[in-house]
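Pasted below: work-v4.cif, mmCIF, N, CA and C atoms.
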```cif
data_run
loop_
_atom_site.group_PDB
_atom_site.id
_atom_site.type_symbol
_atom_site.label_atom_id
_atom_site.label_comp_id
_atom_site.auth_asym_id
_atom_site.auth_seq_id
_atom_site.Cartn_x
_atom_site.Cartn_y
_atom_site.Cartn_z
ATOM 1 N N MET A 47 96.521 107.783 95.210
ATOM 2 C CA MET A 47 96.480 106.383 94.824
ATOM 3 C C MET A 47 97.876 105.784 94.951
ATOM 4 N N ASN A 48 97.965 104.660 95.617
ATOM 5 C CA ASN A 48 99.249 103.972 95.778
ATOM 6 C C ASN A 48 99.589 103.177 94.533
ATOM 7 N N ASP A 49 100.890 103.049 94.287
ATOM 8 C CA ASP A 49 101.334 102.145 93.239
ATOM 9 C C ASP A 49 101.273 100.727 93.779
ATOM 10 N N HIS A 50 100.884 99.801 92.962
ATOM 11 C CA HIS A 50 100.756 98.412 93.391
ATOM 12 C C HIS A 50 101.579 97.515 92.483
ATOM 13 N N VAL A 51 101.884 96.339 92.987
ATOM 14 C CA VAL A 51 102.556 95.303 92.206
ATOM 15 C C VAL A 51 101.604 94.122 92.120
ATOM 16 N N TYR A 52 101.487 93.553 90.932
ATOM 17 C CA TYR A 52 100.582 92.448 90.688
ATOM 18 C C TYR A 52 101.362 91.212 90.258
ATOM 19 N N LYS A 53 100.811 90.055 90.538
ATOM 20 C CA LYS A 53 101.389 88.789 90.114
ATOM 21 C C LYS A 53 100.347 88.058 89.280
ATOM 22 N N LEU A 54 100.806 87.322 88.273
ATOM 23 C CA LEU A 54 99.936 86.514 87.430
ATOM 24 C C LEU A 54 100.089 85.043 87.781
ATOM 25 N N ILE A 55 98.967 84.339 87.814
ATOM 26 C CA ILE A 55 98.990 82.885 87.905
ATOM 27 C C ILE A 55 98.139 82.358 86.762
ATOM 28 N N GLU A 56 98.378 81.123 86.376
ATOM 29 C CA GLU A 56 97.586 80.507 85.326
ATOM 30 C C GLU A 56 96.780 79.371 85.933
ATOM 31 N N LEU A 57 95.494 79.350 85.626
ATOM 32 C CA LEU A 57 94.574 78.351 86.156
ATOM 33 C C LEU A 57 93.787 77.741 85.015
ATOM 34 N N THR A 58 93.336 76.509 85.187
ATOM 35 C CA THR A 58 92.409 75.892 84.242
ATOM 36 C C THR A 58 91.200 75.401 85.017
ATOM 37 N N GLY A 59 90.045 75.951 84.681
ATOM 38 C CA GLY A 59 88.792 75.514 85.286
ATOM 39 C C GLY A 59 88.051 74.610 84.332
ATOM 40 N N SER A 60 87.236 73.727 84.874
ATOM 41 C CA SER A 60 86.470 72.820 84.020
ATOM 42 C C SER A 60 85.025 72.743 84.492
ATOM 43 N N SER A 61 84.152 72.353 83.560
ATOM 44 C CA SER A 61 82.736 72.220 83.868
ATOM 45 C C SER A 61 82.040 71.443 82.758
ATOM 46 N N THR A 62 81.011 70.727 83.127
ATOM 47 C CA THR A 62 80.144 70.099 82.128
ATOM 48 C C THR A 62 79.005 71.036 81.739
ATOM 49 N N ASP A 63 78.859 72.158 82.462
ATOM 50 C CA ASP A 63 77.737 73.072 82.239
ATOM 51 C C ASP A 63 78.034 74.212 81.266
ATOM 52 N N GLY A 64 79.304 74.559 81.035
ATOM 53 C CA GLY A 64 79.592 75.626 80.088
ATOM 54 C C GLY A 64 80.821 76.431 80.448
ATOM 55 N N LEU A 65 81.126 77.385 79.577
ATOM 56 C CA LEU A 65 82.326 78.211 79.727
ATOM 57 C C LEU A 65 82.288 79.065 80.988
ATOM 58 N N GLU A 66 81.180 79.752 81.221
ATOM 59 C CA GLU A 66 81.101 80.637 82.388
ATOM 60 C C GLU A 66 81.277 79.856 83.686
ATOM 61 N N GLU A 67 80.691 78.682 83.750
ATOM 62 C CA GLU A 67 80.826 77.854 84.948
ATOM 63 C C GLU A 67 82.274 77.390 85.126
ATOM 64 N N ALA A 68 82.960 77.061 84.041
ATOM 65 C CA ALA A 68 84.370 76.657 84.119
ATOM 66 C C ALA A 68 85.230 77.814 84.631
ATOM 67 N N ILE A 69 84.965 79.028 84.150
ATOM 68 C CA ILE A 69 85.684 80.208 84.614
ATOM 69 C C ILE A 69 85.416 80.433 86.098
ATOM 70 N N GLN A 70 84.140 80.385 86.480
ATOM 71 C CA GLN A 70 83.776 80.624 87.879
ATOM 72 C C GLN A 70 84.378 79.572 88.798
ATOM 73 N N ASN A 71 84.432 78.318 88.355
ATOM 74 C CA ASN A 71 85.036 77.256 89.169
ATOM 75 C C ASN A 71 86.504 77.554 89.453
ATOM 76 N N ALA A 72 87.241 77.998 88.439
ATOM 77 C CA ALA A 72 88.660 78.312 88.623
ATOM 78 C C ALA A 72 88.834 79.493 89.576
ATOM 79 N N ILE A 73 88.062 80.556 89.370
ATOM 80 C CA ILE A 73 88.197 81.754 90.195
ATOM 81 C C ILE A 73 87.757 81.489 91.631
ATOM 82 N N SER A 74 86.676 80.760 91.807
ATOM 83 C CA SER A 74 86.204 80.445 93.159
ATOM 84 C C SER A 74 87.229 79.639 93.942
ATOM 85 N N LYS A 75 87.838 78.670 93.303
ATOM 86 C CA LYS A 75 88.845 77.846 93.975
ATOM 87 C C LYS A 75 90.069 78.694 94.331
ATOM 88 N N ALA A 76 90.514 79.549 93.407
ATOM 89 C CA ALA A 76 91.666 80.413 93.686
ATOM 90 C C ALA A 76 91.357 81.369 94.836
ATOM 91 N N ASP A 77 90.127 81.856 94.897
ATOM 92 C CA ASP A 77 89.739 82.793 95.944
ATOM 93 C C ASP A 77 89.812 82.173 97.340
ATOM 94 N N ASP A 78 89.759 80.845 97.423
ATOM 95 C CA ASP A 78 89.898 80.160 98.712
ATOM 96 C C ASP A 78 91.293 80.325 99.316
ATOM 97 N N THR A 79 92.315 80.505 98.464
ATOM 98 C CA THR A 79 93.700 80.516 98.962
ATOM 99 C C THR A 79 94.519 81.739 98.556
ATOM 100 N N VAL A 80 94.037 82.533 97.612
ATOM 101 C CA VAL A 80 94.798 83.692 97.122
ATOM 102 C C VAL A 80 94.027 84.960 97.468
ATOM 103 N N ARG A 81 94.714 85.919 98.069
ATOM 104 C CA ARG A 81 94.084 87.197 98.411
ATOM 105 C C ARG A 81 94.209 88.185 97.252
ATOM 106 N N ASN A 82 93.336 89.156 97.253
ATOM 107 C CA ASN A 82 93.421 90.331 96.372
ATOM 108 C C ASN A 82 93.290 90.003 94.881
ATOM 109 N N LEU A 83 92.469 89.018 94.520
ATOM 110 C CA LEU A 83 92.231 88.750 93.095
ATOM 111 C C LEU A 83 91.603 89.989 92.465
ATOM 112 N N HIS A 84 92.108 90.368 91.283
ATOM 113 C CA HIS A 84 91.614 91.598 90.655
ATOM 114 C C HIS A 84 91.049 91.411 89.263
ATOM 115 N N TRP A 85 91.608 90.559 88.441
ATOM 116 C CA TRP A 85 91.170 90.452 87.055
ATOM 117 C C TRP A 85 91.560 89.089 86.496
ATOM 118 N N PHE A 86 90.964 88.748 85.353
ATOM 119 C CA PHE A 86 91.334 87.521 84.650
ATOM 120 C C PHE A 86 91.273 87.743 83.155
ATOM 121 N N GLN A 87 91.980 86.895 82.440
ATOM 122 C CA GLN A 87 92.000 86.911 80.981
ATOM 123 C C GLN A 87 91.911 85.467 80.504
ATOM 124 N N VAL A 88 90.951 85.172 79.649
ATOM 125 C CA VAL A 88 90.837 83.833 79.074
ATOM 126 C C VAL A 88 91.894 83.691 77.994
ATOM 127 N N VAL A 89 92.751 82.673 78.114
ATOM 128 C CA VAL A 89 93.818 82.488 77.138
ATOM 129 C C VAL A 89 93.631 81.238 76.276
ATOM 130 N N GLU A 90 92.772 80.312 76.715
ATOM 131 C CA GLU A 90 92.550 79.109 75.921
ATOM 132 C C GLU A 90 91.224 78.476 76.327
ATOM 133 N N THR A 91 90.519 77.966 75.343
ATOM 134 C CA THR A 91 89.271 77.257 75.593
ATOM 135 C C THR A 91 89.325 75.920 74.862
ATOM 136 N N ARG A 92 88.977 74.870 75.591
ATOM 137 C CA ARG A 92 88.962 73.531 75.007
ATOM 138 C C ARG A 92 87.663 72.842 75.412
ATOM 139 N N GLY A 93 87.305 71.818 74.663
ATOM 140 C CA GLY A 93 86.133 71.036 75.021
ATOM 141 C C GLY A 93 86.293 69.592 74.606
ATOM 142 N N LYS A 94 85.485 68.759 75.210
ATOM 143 C CA LYS A 94 85.477 67.332 74.891
ATOM 144 C C LYS A 94 84.144 67.014 74.227
ATOM 145 N N ILE A 95 84.208 66.235 73.164
ATOM 146 C CA ILE A 95 83.009 65.851 72.428
ATOM 147 C C ILE A 95 82.713 64.379 72.703
ATOM 148 N N GLU A 96 81.466 64.100 73.041
ATOM 149 C CA GLU A 96 81.003 62.718 73.216
ATOM 150 C C GLU A 96 79.674 62.565 72.488
ATOM 151 N N ASN A 97 79.590 61.569 71.641
ATOM 152 C CA ASN A 97 78.349 61.282 70.900
ATOM 153 C C ASN A 97 77.833 62.501 70.140
ATOM 154 N N GLY A 98 78.768 63.247 69.534
ATOM 155 C CA GLY A 98 78.393 64.386 68.715
ATOM 156 C C GLY A 98 77.944 65.620 69.475
ATOM 157 N N LYS A 99 78.156 65.642 70.809
ATOM 158 C CA LYS A 99 77.757 66.798 71.618
ATOM 159 C C LYS A 99 78.908 67.228 72.520
ATOM 160 N N VAL A 100 78.889 68.501 72.902
ATOM 161 C CA VAL A 100 79.883 69.004 73.854
ATOM 162 C C VAL A 100 79.585 68.385 75.213
ATOM 163 N N ALA A 101 80.586 67.690 75.762
ATOM 164 C CA ALA A 101 80.394 67.001 77.034
ATOM 165 C C ALA A 101 81.115 67.689 78.186
ATOM 166 N N HIS A 102 82.169 68.446 77.880
ATOM 167 C CA HIS A 102 82.982 69.022 78.950
ATOM 168 C C HIS A 102 83.737 70.228 78.418
ATOM 169 N N TRP A 103 83.863 71.258 79.250
ATOM 170 C CA TRP A 103 84.595 72.477 78.907
ATOM 171 C C TRP A 103 85.809 72.620 79.810
ATOM 172 N N GLN A 104 86.915 73.113 79.244
ATOM 173 C CA GLN A 104 88.094 73.519 80.012
ATOM 174 C C GLN A 104 88.493 74.909 79.547
ATOM 175 N N VAL A 105 88.703 75.805 80.498
ATOM 176 C CA VAL A 105 89.077 77.187 80.183
ATOM 177 C C VAL A 105 90.335 77.535 80.972
ATOM 178 N N THR A 106 91.376 77.944 80.260
ATOM 179 C CA THR A 106 92.615 78.371 80.906
ATOM 180 C C THR A 106 92.602 79.887 81.033
ATOM 181 N N LEU A 107 92.925 80.351 82.237
ATOM 182 C CA LEU A 107 92.879 81.777 82.562
ATOM 183 C C LEU A 107 94.221 82.249 83.078
ATOM 184 N N LYS A 108 94.551 83.494 82.799
ATOM 185 C CA LYS A 108 95.579 84.202 83.538
ATOM 186 C C LYS A 108 94.823 85.055 84.551
ATOM 187 N N VAL A 109 95.187 84.927 85.816
ATOM 188 C CA VAL A 109 94.513 85.648 86.883
ATOM 189 C C VAL A 109 95.533 86.552 87.572
ATOM 190 N N GLY A 110 95.187 87.829 87.724
ATOM 191 C CA GLY A 110 96.071 88.785 88.366
ATOM 192 C C GLY A 110 95.610 89.092 89.776
ATOM 193 N N PHE A 111 96.572 89.145 90.697
ATOM 194 C CA PHE A 111 96.244 89.542 92.049
ATOM 195 C C PHE A 111 97.292 90.509 92.558
ATOM 196 N N ARG A 112 96.863 91.410 93.439
ATOM 197 C CA ARG A 112 97.743 92.441 93.980
ATOM 198 C C ARG A 112 98.521 91.877 95.150
ATOM 199 N N LEU A 113 99.835 92.094 95.131
ATOM 200 C CA LEU A 113 100.670 91.682 96.239
ATOM 201 C C LEU A 113 100.461 92.623 97.409
ATOM 202 N N ASP A 114 100.495 92.071 98.615
ATOM 203 C CA ASP A 114 100.330 92.899 99.821
ATOM 204 C C ASP A 114 101.437 93.933 99.914
ATOM 205 N N ASP A 115 101.088 95.100 100.446
ATOM 206 C CA ASP A 115 102.081 96.168 100.640
ATOM 207 C C ASP A 115 103.022 95.822 101.761
#
```
File written out as structure tokens:
Amino acid sequence: MNDHVYKLIELTGSSTDGLEEAIQNAISKADDTVRNLHWFQVVETRGKIENGKVAHWQVTLKVGFRLDD
């Protein structure tokens, strides 16, 4: 097994449908431009309330990716 070096980036995904969709939106967008995505960690969750209901979710993630050898 080779030793690897990883880099962290911070992303915020949003969705009106829920937390999982907000996470997936952030990861999907990052996957368009960043290679070797390996893991994520949710570091903050926020939401917007309208008329007494949750209207929007925002989830901030730390995403790790492996640097090319």
Atomic distance atom C of A:Glu56 - atom N of A:Gln70, expressed in Å with one decimal: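 So the answer is 12.7 Å.
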Could you give me the residues within chain A that DSSP places in helix (DSSP H, G or I), as a PyMOL selection string? chain A and resi 65-79
Check what the PyMOL selection byres ((chain A and resi 103-113) around 6.5) selects in the file above and give those residues as an MDAnalysis selection string. chainID A and resid 50:65 68:69 81:94 101:102 114:115
Separation of atom N of A:Glu66 from atom N of A:Asp78 in Å: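 Rounded to one decimal, the two atoms are 18.4 Å apart.
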Å distance separating atom N of A:Ile73 from atom N of A:Asn97, one decimal place: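 Separation of atom N of A:Ile73 and atom N of A:Asn97: 27.3 Å.
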